[in-house]
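Dropping protein20.cif in here (mmCIF, N, CA and C atoms):
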```cif
data_data
#
loop_
_atom_site.label_atom_id
_atom_site.label_comp_id
_atom_site.auth_asym_id
_atom_site.auth_seq_id
_atom_site.Cartn_x
_atom_site.Cartn_y
_atom_site.Cartn_z
N MET A 153 11.16 10.32 16.15
CA MET A 153 11.27 10.29 14.71
C MET A 153 10.30 9.25 14.16
N GLN A 154 9.65 9.61 13.05
CA GLN A 154 8.67 8.74 12.41
C GLN A 154 9.08 8.48 10.96
N PRO A 155 8.86 7.27 10.46
CA PRO A 155 9.19 7.00 9.05
C PRO A 155 8.15 7.58 8.10
N PHE A 156 8.61 8.17 7.01
CA PHE A 156 7.74 8.74 5.97
C PHE A 156 8.29 8.35 4.60
N GLU A 157 7.40 8.33 3.62
CA GLU A 157 7.78 8.19 2.22
C GLU A 157 7.41 9.48 1.50
N ILE A 158 8.33 9.99 0.72
CA ILE A 158 8.06 11.14 -0.15
C ILE A 158 8.04 10.57 -1.57
N ARG A 159 6.91 10.71 -2.24
CA ARG A 159 6.74 10.17 -3.59
C ARG A 159 6.66 11.31 -4.58
N ILE A 160 7.66 11.43 -5.43
CA ILE A 160 7.65 12.41 -6.51
C ILE A 160 6.89 11.76 -7.66
N LEU A 161 5.85 12.43 -8.13
CA LEU A 161 4.96 11.84 -9.12
C LEU A 161 5.34 12.24 -10.55
N ARG A 162 5.19 11.28 -11.46
CA ARG A 162 5.40 11.54 -12.88
C ARG A 162 4.17 12.25 -13.44
N GLY A 163 4.22 12.61 -14.69
CA GLY A 163 3.11 13.29 -15.35
C GLY A 163 1.83 12.47 -15.36
N ASP A 164 1.95 11.14 -15.36
CA ASP A 164 0.76 10.29 -15.36
C ASP A 164 0.23 10.01 -13.95
N GLY A 165 0.86 10.63 -12.93
CA GLY A 165 0.39 10.48 -11.55
C GLY A 165 1.00 9.32 -10.79
N LEU A 166 1.78 8.48 -11.47
CA LEU A 166 2.43 7.36 -10.80
C LEU A 166 3.76 7.82 -10.19
N PRO A 167 4.19 7.17 -9.10
CA PRO A 167 5.46 7.57 -8.48
C PRO A 167 6.64 7.34 -9.42
N GLY A 168 7.48 8.35 -9.56
CA GLY A 168 8.69 8.24 -10.34
C GLY A 168 9.90 8.07 -9.44
N LEU A 169 9.78 8.52 -8.18
CA LEU A 169 10.85 8.41 -7.21
C LEU A 169 10.20 8.30 -5.83
N ILE A 170 10.68 7.37 -5.03
CA ILE A 170 10.20 7.23 -3.66
C ILE A 170 11.40 7.34 -2.74
N ALA A 171 11.36 8.30 -1.83
CA ALA A 171 12.42 8.48 -0.85
C ALA A 171 11.85 8.15 0.53
N GLU A 172 12.52 7.28 1.25
CA GLU A 172 12.09 6.91 2.60
C GLU A 172 13.08 7.47 3.60
N LYS A 173 12.53 8.15 4.64
CA LYS A 173 13.38 8.75 5.65
C LYS A 173 12.55 9.01 6.90
N SER A 174 13.21 9.16 8.02
CA SER A 174 12.52 9.49 9.27
C SER A 174 12.58 10.99 9.51
N TYR A 175 11.44 11.53 9.93
CA TYR A 175 11.33 12.96 10.24
C TYR A 175 10.68 13.12 11.60
N LEU A 176 10.82 14.30 12.17
CA LEU A 176 10.23 14.59 13.48
C LEU A 176 8.71 14.48 13.44
N ASN A 177 8.11 14.99 12.33
CA ASN A 177 6.65 14.94 12.19
C ASN A 177 6.28 15.14 10.72
N GLY A 178 4.98 15.13 10.45
CA GLY A 178 4.49 15.29 9.09
C GLY A 178 4.87 16.62 8.46
N ASP A 179 4.85 17.69 9.24
CA ASP A 179 5.21 19.00 8.71
C ASP A 179 6.66 19.02 8.21
N ALA A 180 7.55 18.38 8.95
CA ALA A 180 8.96 18.32 8.54
C ALA A 180 9.10 17.49 7.27
N ALA A 181 8.35 16.40 7.16
CA ALA A 181 8.40 15.57 5.96
C ALA A 181 7.86 16.33 4.74
N ILE A 182 6.81 17.10 4.93
CA ILE A 182 6.24 17.90 3.84
C ILE A 182 7.23 18.96 3.38
N ALA A 183 7.89 19.64 4.33
CA ALA A 183 8.88 20.66 3.98
C ALA A 183 10.02 20.04 3.18
N SER A 184 10.47 18.87 3.59
CA SER A 184 11.53 18.18 2.86
C SER A 184 11.04 17.77 1.46
N GLY A 185 9.80 17.31 1.38
CA GLY A 185 9.22 16.94 0.09
C GLY A 185 9.19 18.10 -0.88
N LYS A 186 8.88 19.28 -0.39
CA LYS A 186 8.86 20.48 -1.25
C LYS A 186 10.24 20.76 -1.81
N LEU A 187 11.27 20.57 -0.99
CA LEU A 187 12.63 20.80 -1.47
C LEU A 187 13.05 19.75 -2.50
N ILE A 188 12.72 18.49 -2.22
CA ILE A 188 13.09 17.41 -3.13
C ILE A 188 12.34 17.51 -4.45
N ALA A 189 11.05 17.85 -4.38
CA ALA A 189 10.20 17.88 -5.58
C ALA A 189 10.54 19.02 -6.53
N ARG A 190 11.03 20.12 -6.01
CA ARG A 190 11.41 21.27 -6.84
C ARG A 190 10.31 21.67 -7.82
N GLY A 191 9.09 21.80 -7.29
CA GLY A 191 7.97 22.28 -8.12
C GLY A 191 7.14 21.19 -8.75
N ARG A 192 7.61 19.94 -8.71
CA ARG A 192 6.82 18.83 -9.26
C ARG A 192 5.81 18.36 -8.22
N ARG A 193 4.81 17.65 -8.69
CA ARG A 193 3.78 17.12 -7.79
C ARG A 193 4.39 16.01 -6.94
N PHE A 194 4.05 16.00 -5.65
CA PHE A 194 4.55 14.97 -4.76
C PHE A 194 3.52 14.66 -3.69
N GLU A 195 3.71 13.52 -3.06
CA GLU A 195 2.87 13.09 -1.94
C GLU A 195 3.78 12.69 -0.79
N VAL A 196 3.25 12.82 0.44
CA VAL A 196 3.96 12.35 1.62
C VAL A 196 3.07 11.32 2.29
N TRP A 197 3.65 10.14 2.57
CA TRP A 197 2.92 9.04 3.18
C TRP A 197 3.58 8.63 4.49
N SER A 198 2.76 8.26 5.45
CA SER A 198 3.25 7.65 6.69
C SER A 198 2.62 6.27 6.79
N GLU A 199 2.91 5.57 7.83
CA GLU A 199 2.32 4.24 8.02
C GLU A 199 0.79 4.31 8.08
N ASP A 200 0.27 5.45 8.50
CA ASP A 200 -1.18 5.62 8.66
C ASP A 200 -1.89 6.02 7.37
N GLY A 201 -1.14 6.38 6.33
CA GLY A 201 -1.75 6.79 5.07
C GLY A 201 -1.14 8.06 4.53
N CYS A 202 -1.85 8.68 3.59
CA CYS A 202 -1.37 9.89 2.93
C CYS A 202 -1.44 11.08 3.87
N VAL A 203 -0.31 11.74 4.07
CA VAL A 203 -0.22 12.92 4.93
C VAL A 203 -0.39 14.19 4.11
N TYR A 204 0.08 14.16 2.85
CA TYR A 204 0.03 15.34 1.99
C TYR A 204 -0.12 14.90 0.53
N PRO A 205 -1.29 15.16 -0.06
CA PRO A 205 -1.50 14.81 -1.48
C PRO A 205 -1.12 15.98 -2.38
N GLY A 206 0.00 16.61 -2.12
CA GLY A 206 0.40 17.89 -2.67
C GLY A 206 0.30 18.07 -4.16
N ALA A 207 0.11 19.31 -4.53
CA ALA A 207 0.05 19.71 -5.93
C ALA A 207 1.38 20.33 -6.32
N ALA A 208 1.63 20.43 -7.60
CA ALA A 208 2.85 21.07 -8.10
C ALA A 208 2.81 22.56 -7.80
N ASP A 209 3.96 23.14 -7.71
CA ASP A 209 4.10 24.58 -7.58
C ASP A 209 3.49 25.22 -8.82
N SER A 210 2.55 26.12 -8.64
CA SER A 210 1.83 26.69 -9.78
C SER A 210 2.75 27.43 -10.75
N ARG A 211 3.90 27.88 -10.29
CA ARG A 211 4.83 28.58 -11.19
C ARG A 211 5.46 27.61 -12.18
N ASN A 212 5.54 26.32 -11.81
CA ASN A 212 6.19 25.33 -12.66
C ASN A 212 5.24 24.33 -13.26
N ALA A 213 3.96 24.43 -12.96
CA ALA A 213 2.98 23.43 -13.37
C ALA A 213 2.63 23.54 -14.86
N HIS A 214 2.79 24.70 -15.47
CA HIS A 214 2.40 24.90 -16.86
C HIS A 214 3.58 25.44 -17.64
N PRO A 215 3.68 25.09 -18.91
CA PRO A 215 4.78 25.65 -19.71
C PRO A 215 4.57 27.16 -19.88
N PRO A 216 5.63 27.91 -20.14
CA PRO A 216 5.47 29.34 -20.34
C PRO A 216 4.65 29.62 -21.59
N PRO A 217 3.95 30.74 -21.62
CA PRO A 217 3.14 31.06 -22.81
C PRO A 217 4.03 31.27 -24.03
N ARG A 218 3.49 30.97 -25.21
CA ARG A 218 4.22 31.15 -26.45
C ARG A 218 4.18 32.61 -26.88
N ALA A 219 5.23 33.03 -27.51
CA ALA A 219 5.28 34.39 -28.02
C ALA A 219 4.32 34.55 -29.19
N SER A 220 3.69 35.71 -29.29
CA SER A 220 2.77 35.99 -30.41
C SER A 220 3.56 36.16 -31.70
N ALA A 221 2.98 35.72 -32.77
CA ALA A 221 3.67 35.86 -34.08
C ALA A 221 3.29 37.14 -34.76
#
```
Represent the structure of the file as structure tokens.
Amino acid sequence: MQPFEIRILRGDGLPGLIAEKSYLNGDAAIASGKLIARGRRFEVWSEDGCVYPGAADSRNAHPPPRASA
């Protein structure tokens, strides 16, 4: 098990939430980050640096289009 930080990012790109936990590997930490982030932008960090500079889920990244008048 390796320690990782999952950083959920605010709109300005700064961390709004940091969760620290041990995972089997980086892939497991990234999968957990996707669940925790729920479509928001997040990063996964290990002691060696950034493992995943992830982007938001494209379905949730933009507000829905406005109805035509």
Val203 in chain A environment, 10 Å, only C-alpha atoms, sequence neighbours closer than 6 positions dropped, as a list in words: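 The contact residues come out as Phe156, Glu157, Ile158, Gly178, Asp179, Ala181, Ile182, Glu195, Val196 and Trp197 of chain A.
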Can you measure CA of Cys202 in chain A to atom C of Arg190 in chain A for me? One decimal in Å is fine. 19.8 Å
Might you spell out which residues the PyMOL selection byres ((chain A and resi 170) around 7) would select in the displayed file, as a list of chain:residue names?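 Residues picked by the PyMOL selection byres ((chain A and resi 170) around 7): A:Glu157, A:Ile158, A:Arg159, A:Ile160, A:Pro167, A:Gly168, A:Leu169, A:Ala171, A:Glu172.
Distance annotation: of A:Lys186, A:Lys173, A:Arg193, A:Ala180, the residue with the minimal separation from Pro155 in chain A is A:Lys173; atom set is all atoms listed in the file.
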Quick one, how far is atom N of Leu166 in chain A from CA of Met153 in chain A?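 According to the coordinates, atom N of Leu166 in chain A and CA of Met153 in chain A are separated by 27.9 Å.
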To one decimal in Å, tell me the separation between atom N of Phe194 in chain A and atom C of Leu161 in chain A.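 Those two atoms sit 6.3 Å apart.
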Report as a list in words: the residues of range 154-204 of chain A with a DSSP assignment of strand (DSSP E or B), based on the backbone of this structure. Gln154, Pro155, Phe156, Glu157, Ile158, Arg159, Ile160, Leu161, Pro167, Gly168, Leu169, Ile170, Ala171, Glu172, Lys173, Ser174, Tyr175, Phe194, Glu195, Val196, Trp197, Ser198, Gly201, Cys202, Val203 and Tyr204 of chain A
Measuring between only C-alpha atoms, which one of A:Gln154, A:Tyr175, A:Asp164, A:Gly206 shows the shortest distance to Ala189 in chain A? A:Gly206
